[in-house]
$ cat final-v2.pdb   # PDB, C-alpha atoms, pLDDT in the B column
MODEL        1
ATOM      1  CA  MET A1210       2.408 -20.165  11.291  1.00 90.00           C
ATOM      2  CA  LEU A1211       3.990 -18.038   8.600  1.00 91.00           C
ATOM      3  CA  ILE A1212       4.409 -19.916   5.322  1.00 94.00           C
ATOM      4  CA  ILE A1213       6.804 -18.368   2.827  1.00 93.00           C
ATOM      5  CA  PHE A1214       6.361 -19.612  -0.719  1.00 95.00           C
ATOM      6  CA  ASP A1215       8.790 -19.365  -3.557  1.00 93.00           C
ATOM      7  CA  LEU A1216       6.873 -18.426  -6.707  1.00 95.00           C
ATOM      8  CA  ASP A1217       8.553 -19.775  -9.842  1.00 91.00           C
ATOM      9  CA  GLY A1218       8.441 -23.552 -10.036  1.00 91.00           C
ATOM     10  CA  THR A1219       6.610 -23.833  -6.721  1.00 95.00           C
ATOM     11  CA  LEU A1220       3.259 -22.120  -7.274  1.00 98.00           C
ATOM     12  CA  PHE A1221       3.684 -20.918 -10.844  1.00 97.00           C
ATOM     13  CA  GLN A1222       4.541 -23.056 -13.875  1.00 97.00           C
ATOM     14  CA  THR A1223       7.557 -21.073 -15.027  1.00 94.00           C
ATOM     15  CA  LYS A1224       8.995 -23.553 -17.509  1.00 95.00           C
ATOM     16  CA  PRO A1225       6.564 -23.022 -20.407  1.00 97.00           C
ATOM     17  CA  CYS A1226       6.847 -19.220 -20.198  1.00 97.00           C
ATOM     18  CA  ASP A1227      10.629 -19.171 -19.901  1.00 96.00           C
ATOM     19  CA  ILE A1228      11.143 -21.724 -22.661  1.00 97.00           C
ATOM     20  CA  ALA A1229       8.949 -19.683 -25.010  1.00 98.00           C
ATOM     21  CA  ALA A1230      10.640 -16.389 -24.023  1.00 97.00           C
ATOM     22  CA  VAL A1231      14.123 -17.861 -24.568  1.00 97.00           C
ATOM     23  CA  ASN A1232      13.097 -19.301 -27.925  1.00 97.00           C
ATOM     24  CA  HIS A1233      11.745 -15.892 -29.015  1.00 97.00           C
ATOM     25  CA  LEU A1234      14.939 -14.190 -27.802  1.00 97.00           C
ATOM     26  CA  PHE A1235      17.192 -16.643 -29.624  1.00 97.00           C
ATOM     27  CA  GLU A1236      15.088 -16.223 -32.760  1.00 97.00           C
ATOM     28  CA  GLU A1237      15.405 -12.419 -32.551  1.00 96.00           C
ATOM     29  CA  LEU A1238      19.173 -12.721 -32.040  1.00 95.00           C
ATOM     30  CA  GLU A1239      19.379 -15.246 -34.884  1.00 95.00           C
ATOM     31  CA  LEU A1240      20.967 -17.815 -32.598  1.00 95.00           C
ATOM     32  CA  LYS A1241      20.660 -21.568 -32.855  1.00 94.00           C
ATOM     33  CA  LYS A1242      17.859 -22.850 -30.627  1.00 94.00           C
ATOM     34  CA  ILE A1243      19.047 -24.500 -27.406  1.00 95.00           C
ATOM     35  CA  GLU A1244      17.645 -27.597 -25.780  1.00 96.00           C
ATOM     36  CA  ASN A1245      14.728 -27.106 -23.386  1.00 97.00           C
ATOM     37  CA  ASN A1246      16.566 -28.971 -20.620  1.00 96.00           C
ATOM     38  CA  VAL A1247      19.338 -26.323 -20.677  1.00 95.00           C
ATOM     39  CA  ILE A1248      16.711 -23.648 -20.096  1.00 96.00           C
ATOM     40  CA  ILE A1249      14.904 -25.694 -17.442  1.00 93.00           C
ATOM     41  CA  ASN A1250      18.118 -26.460 -15.542  1.00 91.00           C
ATOM     42  CA  ASN A1251      18.772 -22.727 -15.147  1.00 89.00           C
ATOM     43  CA  ILE A1252      15.286 -21.554 -14.173  1.00 85.00           C
ATOM     44  CA  GLY A1253      15.172 -20.156 -10.658  1.00 76.00           C
ATOM     45  CA  LYS A1254      18.354 -18.142 -10.957  1.00 80.00           C
ATOM     46  CA  ARG A1255      18.351 -14.368 -11.038  1.00 79.00           C
ATOM     47  CA  THR A1256      17.798 -13.139 -14.591  1.00 86.00           C
ATOM     48  CA  SER A1257      21.420 -12.068 -15.115  1.00 87.00           C
ATOM     49  CA  GLU A1258      22.719 -15.473 -13.966  1.00 88.00           C
ATOM     50  CA  PHE A1259      20.042 -17.263 -15.994  1.00 91.00           C
ATOM     51  CA  LEU A1260      21.029 -15.458 -19.200  1.00 94.00           C
ATOM     52  CA  THR A1261      24.754 -15.880 -18.601  1.00 92.00           C
ATOM     53  CA  SER A1262      24.146 -19.624 -18.243  1.00 93.00           C
ATOM     54  CA  ILE A1263      22.228 -20.035 -21.498  1.00 95.00           C
ATOM     55  CA  LEU A1264      23.711 -17.450 -23.871  1.00 95.00           C
ATOM     56  CA  PRO A1265      26.729 -18.087 -26.087  1.00 93.00           C
ATOM     57  CA  ASP A1266      29.908 -16.409 -24.820  1.00 89.00           C
ATOM     58  CA  ASN A1267      29.863 -13.803 -27.582  1.00 90.00           C
ATOM     59  CA  ILE A1268      26.534 -12.362 -26.320  1.00 90.00           C
ATOM     60  CA  LYS A1269      26.590 -10.577 -22.975  1.00 84.00           C
ATOM     61  CA  GLN A1270      23.534 -10.898 -20.759  1.00 80.00           C
ATOM     62  CA  GLN A1271      23.471  -7.163 -20.012  1.00 83.00           C
ATOM     63  CA  ASP A1272      22.931  -6.523 -23.745  1.00 85.00           C
ATOM     64  CA  VAL A1273      19.744  -8.628 -23.902  1.00 94.00           C
ATOM     65  CA  CYS A1274      18.488  -8.703 -20.314  1.00 93.00           C
ATOM     66  CA  GLU A1275      15.734  -6.115 -20.742  1.00 93.00           C
ATOM     67  CA  ARG A1276      14.539  -7.715 -23.987  1.00 96.00           C
ATOM     68  CA  PHE A1277      14.307 -11.112 -22.290  1.00 96.00           C
ATOM     69  CA  ARG A1278      12.346  -9.619 -19.372  1.00 94.00           C
ATOM     70  CA  LYS A1279       9.845  -8.091 -21.814  1.00 96.00           C
ATOM     71  CA  LEU A1280       9.437 -11.384 -23.655  1.00 97.00           C
ATOM     72  CA  GLU A1281       9.019 -13.267 -20.376  1.00 96.00           C
ATOM     73  CA  ARG A1282       6.342 -10.833 -19.143  1.00 97.00           C
ATOM     74  CA  ILE A1283       4.443 -11.185 -22.417  1.00 98.00           C
ATOM     75  CA  GLU A1284       4.476 -14.973 -22.024  1.00 98.00           C
ATOM     76  CA  VAL A1285       3.322 -14.751 -18.391  1.00 98.00           C
ATOM     77  CA  ARG A1286       0.450 -12.418 -19.294  1.00 98.00           C
ATOM     78  CA  GLU A1287      -0.648 -14.567 -22.227  1.00 97.00           C
ATOM     79  CA  ASN A1288       0.037 -18.113 -21.035  1.00 96.00           C
ATOM     80  CA  GLY A1289       0.929 -18.134 -17.343  1.00 97.00           C
ATOM     81  CA  ILE A1290      -0.730 -20.732 -15.105  1.00 98.00           C
ATOM     82  CA  LEU A1291      -0.391 -22.135 -11.617  1.00 98.00           C
ATOM     83  CA  PHE A1292       0.306 -25.770 -10.860  1.00 98.00           C
ATOM     84  CA  PRO A1293      -2.914 -27.767 -10.395  1.00 98.00           C
ATOM     85  CA  GLY A1294      -4.455 -27.551  -6.924  1.00 98.00           C
ATOM     86  CA  ILE A1295      -2.526 -24.465  -5.795  1.00 98.00           C
ATOM     87  CA  VAL A1296      -5.580 -22.267  -5.174  1.00 98.00           C
ATOM     88  CA  ASP A1297      -7.248 -25.010  -3.102  1.00 98.00           C
ATOM     89  CA  LEU A1298      -4.059 -25.505  -1.094  1.00 98.00           C
ATOM     90  CA  ILE A1299      -3.671 -21.781  -0.426  1.00 98.00           C
ATOM     91  CA  GLU A1300      -7.303 -21.429   0.621  1.00 98.00           C
ATOM     92  CA  LYS A1301      -7.028 -24.392   3.006  1.00 98.00           C
ATOM     93  CA  LEU A1302      -3.869 -22.957   4.583  1.00 98.00           C
ATOM     94  CA  LEU A1303      -5.579 -19.614   5.120  1.00 98.00           C
ATOM     95  CA  LEU A1304      -8.636 -21.297   6.639  1.00 98.00           C
ATOM     96  CA  LYS A1305      -6.306 -22.981   9.135  1.00 97.00           C
ATOM     97  CA  GLY A1306      -5.048 -19.533  10.149  1.00 96.00           C
ATOM     98  CA  HIS A1307      -1.662 -19.528   8.446  1.00 95.00           C
ATOM     99  CA  ILE A1308      -0.132 -16.311   7.130  1.00 94.00           C
ATOM    100  CA  LEU A1309       1.167 -16.588   3.567  1.00 96.00           C
ATOM    101  CA  ASN A1310       4.055 -14.637   2.032  1.00 95.00           C
ATOM    102  CA  ILE A1311       5.927 -14.819  -1.276  1.00 95.00           C
ATOM    103  CA  CYS A1312       9.718 -14.658  -1.542  1.00 91.00           C
ATOM    104  CA  SER A1313      11.011 -14.828  -5.103  1.00 90.00           C
ATOM    105  CA  ASN A1314      14.163 -14.073  -7.077  1.00 84.00           C
ATOM    106  CA  GLY A1315      11.907 -12.216  -9.507  1.00 87.00           C
ATOM    107  CA  SER A1316      11.463  -8.468  -9.401  1.00 90.00           C
ATOM    108  CA  LEU A1317       8.457  -7.017  -7.601  1.00 94.00           C
ATOM    109  CA  GLU A1318       7.064  -6.060 -11.017  1.00 95.00           C
ATOM    110  CA  TYR A1319       7.393  -9.634 -12.303  1.00 94.00           C
ATOM    111  CA  ILE A1320       5.899 -11.105  -9.116  1.00 96.00           C
ATOM    112  CA  GLY A1321       2.974  -8.699  -9.409  1.00 97.00           C
ATOM    113  CA  ILE A1322       2.345  -9.727 -13.015  1.00 98.00           C
ATOM    114  CA  VAL A1323       2.320 -13.426 -12.082  1.00 98.00           C
ATOM    115  CA  LEU A1324       0.057 -12.917  -9.063  1.00 98.00           C
ATOM    116  CA  GLU A1325      -2.344 -10.734 -11.055  1.00 97.00           C
ATOM    117  CA  LYS A1326      -2.448 -13.108 -14.043  1.00 98.00           C
ATOM    118  CA  THR A1327      -3.143 -16.110 -11.819  1.00 98.00           C
ATOM    119  CA  GLY A1328      -5.594 -14.279  -9.533  1.00 97.00           C
ATOM    120  CA  ILE A1329      -3.837 -15.107  -6.255  1.00 98.00           C
ATOM    121  CA  THR A1330      -2.654 -11.674  -5.108  1.00 98.00           C
ATOM    122  CA  LYS A1331      -5.325 -11.475  -2.396  1.00 98.00           C
ATOM    123  CA  TYR A1332      -4.033 -14.549  -0.563  1.00 98.00           C
ATOM    124  CA  PHE A1333      -0.626 -13.161   0.386  1.00 98.00           C
ATOM    125  CA  SER A1334       0.051 -10.790   3.265  1.00 95.00           C
ATOM    126  CA  LYS A1335       3.457  -9.723   1.988  1.00 94.00           C
ATOM    127  CA  VAL A1336       5.515 -10.174  -1.135  1.00 96.00           C
ATOM    128  CA  TYR A1337       9.306 -10.015  -1.140  1.00 93.00           C
ATOM    129  CA  SER A1338      11.774  -9.874  -3.991  1.00 91.00           C
ATOM    130  CA  ALA A1339      15.276 -11.168  -3.309  1.00 85.00           C
ATOM    131  CA  LYS A1340      16.395  -8.420  -5.701  1.00 82.00           C
ATOM    132  CA  GLU A1341      15.704  -5.970  -2.860  1.00 84.00           C
ATOM    133  CA  PHE A1342      18.191  -7.890  -0.672  1.00 82.00           C
ATOM    134  CA  SER A1343      21.523  -9.660  -1.110  1.00 80.00           C
ATOM    135  CA  ASN A1344      19.777 -13.025  -1.532  1.00 77.00           C
ATOM    136  CA  LYS A1345      16.785 -15.071  -0.400  1.00 78.00           C
ATOM    137  CA  ALA A1346      18.484 -15.996   2.882  1.00 79.00           C
ATOM    138  CA  GLU A1347      18.604 -12.328   3.846  1.00 84.00           C
ATOM    139  CA  VAL A1348      14.881 -11.986   3.056  1.00 81.00           C
ATOM    140  CA  ILE A1349      14.053 -14.968   5.255  1.00 79.00           C
ATOM    141  CA  GLN A1350      16.206 -13.599   8.086  1.00 79.00           C
ATOM    142  CA  THR A1351      14.387 -10.270   7.822  1.00 80.00           C
ATOM    143  CA  ILE A1352      10.965 -11.919   7.896  1.00 77.00           C
ATOM    144  CA  SER A1353      11.833 -14.293  10.734  1.00 75.00           C
ATOM    145  CA  SER A1354      13.406 -11.520  12.818  1.00 70.00           C
ATOM    146  CA  ASN A1355       9.844 -10.703  13.834  1.00 67.00           C
ATOM    147  CA  ASN A1356       9.900 -13.959  15.856  1.00 64.00           C
ATOM    148  CA  HIS A1357       7.404 -15.669  13.577  1.00 67.00           C
ATOM    149  CA  LYS A1358       7.479 -19.428  13.442  1.00 80.00           C
ATOM    150  CA  ALA A1359       7.952 -19.940   9.717  1.00 84.00           C
ATOM    151  CA  VAL A1360       8.470 -22.517   7.022  1.00 89.00           C
ATOM    152  CA  VAL A1361       9.783 -21.931   3.494  1.00 89.00           C
ATOM    153  CA  ILE A1362       8.358 -23.906   0.588  1.00 92.00           C
ATOM    154  CA  GLY A1363      10.336 -23.912  -2.650  1.00 90.00           C
ATOM    155  CA  ASP A1364      11.759 -26.026  -5.417  1.00 87.00           C
ATOM    156  CA  THR A1365      15.447 -25.126  -5.738  1.00 76.00           C
ATOM    157  CA  ILE A1366      18.617 -25.227  -3.692  1.00 72.00           C
ATOM    158  CA  SER A1367      18.487 -21.428  -3.325  1.00 70.00           C
ATOM    159  CA  ASP A1368      15.136 -21.821  -1.567  1.00 71.00           C
ATOM    160  CA  ILE A1369      16.762 -24.071   1.014  1.00 70.00           C
TER
ENDMDL
END

$ encode --input "final-v2.pdb" --output "structure tokens"
Amino acid sequence: MLIIFDLDGTLFQTKPCDIAAVNHLFEELELKKIENNVIINNIGKRTSEFLTSILPDNIKQQDVCERFRKLERIEVRENGILFPGIVDLIEKLLLKGHILNICSNGSLEYIGIVLEKTGITKYFSKVYSAKEFSNKAEVIQTISSNNHKAVVIGDTISDI
């Protein structure tokens, strides 16, 4: 069976990295710190939507998007970790003959950084970024058009 994993919030602990990156961004912009739950409630969205949701109206996401991405990548490289037991789970699935893929809203560069930092690149046959498609549903349709029996494992409504 083909198993398609979301990355952020499913395999990778995104919250600590994104909270730290947002706090650094707000500090650089000299903005009042926002509550962690506001950040957490918006994780999983595409970066532009994420920033639009958390920034004050007077700051446009396109003006700070690249800076946020840099801060986020720094946090991932320095502090990124998987959820406990993920490597064991992945190894067991592979031993049972399953094929593993990643489908994330993150860019291919971001996905690569996370997979490299956490040491799990070798376990996945293919990696897909929804940024290369209209949305995650289109990615899943593309993957499943090869008549693979597949299941998607994720943590947000967009994964469903």

$ closest_residue --input "final-v2.pdb" --among "A:Gln1270, A:Asp1364, A:Ile1329, A:Gly1315" --to "Asp1297 in chain A" --atoms "all atoms listed in the file"
A:Ile1329

$ closest_atom_pairs --input "final-v2.pdb" --of "range 1250-1352 of chain A" --to "range 1220-1242 of chain A" --cutoff "7 Å" --atoms "only C-alpha atoms" --output "CSV"
residue,atom,partner,partner_atom,distance
A:Phe1277,CA,A:Leu1234,CA,6.3
A:Leu1280,CA,A:Ala1230,CA,5.2
A:Glu1281,CA,A:Ala1230,CA,5.1
A:Glu1284,CA,A:Cys1226,CA,5.2
A:Val1285,CA,A:Cys1226,CA,6.0
A:Asn1288,CA,A:Cys1226,CA,6.9
A:Gly1289,CA,A:Cys1226,CA,6.7
A:Ile1290,CA,A:Gln1222,CA,5.9
A:Leu1291,CA,A:Phe1221,CA,4.3
A:Phe1292,CA,A:Gln1222,CA,5.9
A:Ile1295,CA,A:Leu1220,CA,6.4

$ closest_residue --input "final-v2.pdb" --among "A:Thr1261, A:Gln1271, A:Thr1351, A:Asn1310" --to "Phe1214 in chain A" --atoms "all atoms listed in the file"
A:Asn1310

$ resolve_selection --input "final-v2.pdb" --expression "the PyMOL selection byres ((chain A and resi 1299) around 12)" --output "PDB file with C-alpha atoms, in the frame of the given file"
ATOM      1  CA  ILE A1212       4.409 -19.916   5.322  1.00 94.00           C
ATOM      2  CA  ILE A1213       6.804 -18.368   2.827  1.00 93.00           C
ATOM      3  CA  PHE A1214       6.361 -19.612  -0.719  1.00 95.00           C
ATOM      4  CA  LEU A1220       3.259 -22.120  -7.274  1.00 98.00           C
ATOM      5  CA  LEU A1291      -0.391 -22.135 -11.617  1.00 98.00           C
ATOM      6  CA  PHE A1292       0.306 -25.770 -10.860  1.00 98.00           C
ATOM      7  CA  PRO A1293      -2.914 -27.767 -10.395  1.00 98.00           C
ATOM      8  CA  GLY A1294      -4.455 -27.551  -6.924  1.00 98.00           C
ATOM      9  CA  ILE A1295      -2.526 -24.465  -5.795  1.00 98.00           C
ATOM     10  CA  VAL A1296      -5.580 -22.267  -5.174  1.00 98.00           C
ATOM     11  CA  ASP A1297      -7.248 -25.010  -3.102  1.00 98.00           C
ATOM     12  CA  LEU A1298      -4.059 -25.505  -1.094  1.00 98.00           C
ATOM     13  CA  GLU A1300      -7.303 -21.429   0.621  1.00 98.00           C
ATOM     14  CA  LYS A1301      -7.028 -24.392   3.006  1.00 98.00           C
ATOM     15  CA  LEU A1302      -3.869 -22.957   4.583  1.00 98.00           C
ATOM     16  CA  LEU A1303      -5.579 -19.614   5.120  1.00 98.00           C
ATOM     17  CA  LEU A1304      -8.636 -21.297   6.639  1.00 98.00           C
ATOM     18  CA  LYS A1305      -6.306 -22.981   9.135  1.00 97.00           C
ATOM     19  CA  GLY A1306      -5.048 -19.533  10.149  1.00 96.00           C
ATOM     20  CA  HIS A1307      -1.662 -19.528   8.446  1.00 95.00           C
ATOM     21  CA  ILE A1308      -0.132 -16.311   7.130  1.00 94.00           C
ATOM     22  CA  LEU A1309       1.167 -16.588   3.567  1.00 96.00           C
ATOM     23  CA  ASN A1310       4.055 -14.637   2.032  1.00 95.00           C
ATOM     24  CA  ILE A1311       5.927 -14.819  -1.276  1.00 95.00           C
ATOM     25  CA  GLY A1328      -5.594 -14.279  -9.533  1.00 97.00           C
ATOM     26  CA  ILE A1329      -3.837 -15.107  -6.255  1.00 98.00           C
ATOM     27  CA  THR A1330      -2.654 -11.674  -5.108  1.00 98.00           C
ATOM     28  CA  LYS A1331      -5.325 -11.475  -2.396  1.00 98.00           C
ATOM     29  CA  TYR A1332      -4.033 -14.549  -0.563  1.00 98.00           C
ATOM     30  CA  PHE A1333      -0.626 -13.161   0.386  1.00 98.00           C
TER      31      PHE A1333
END

$ resolve_selection --input "final-v2.pdb" --expression "the PyMOL selection byres ((chain A and resi 1340) around 9)" --output "PyMOL selection string"
chain A and resi 1255+1313-1317+1337-1339+1341-1345

$ axis_aligned_box --input "final-v2.pdb" --around "range 1358-1361 of chain A" --padding-each-side "6 Å" --output "lines of an AutoDock Vina configuration file"
center_x = 8.6
center_y = -21.0
center_z = 8.5
size_x = 14.3
size_y = 15.1
size_z = 21.9

$ closest_residue --input "final-v2.pdb" --among "A:Ile1352, A:Cys1312, A:Ile1249, A:Ile1243" --to "Pro1265 in chain A" --atoms "only C-alpha atoms"
A:Ile1243

$ closest_residue --input "final-v2.pdb" --among "A:Ile1263, A:Lys1269, A:Ser1353, A:Arg1286" --to "Asn1251 in chain A" --atoms "all atoms listed in the file"
A:Ile1263

$ atom_distance --input "final-v2.pdb" --atom1 "CA of Val1336 in chain A" --atom2 "CA of Thr1365 in chain A"
18.5 Å

$ atom_distance --input "final-v2.pdb" --atom1 "CA of Arg1276 in chain A" --atom2 "CA of Lys1335 in chain A"
28.3 Å
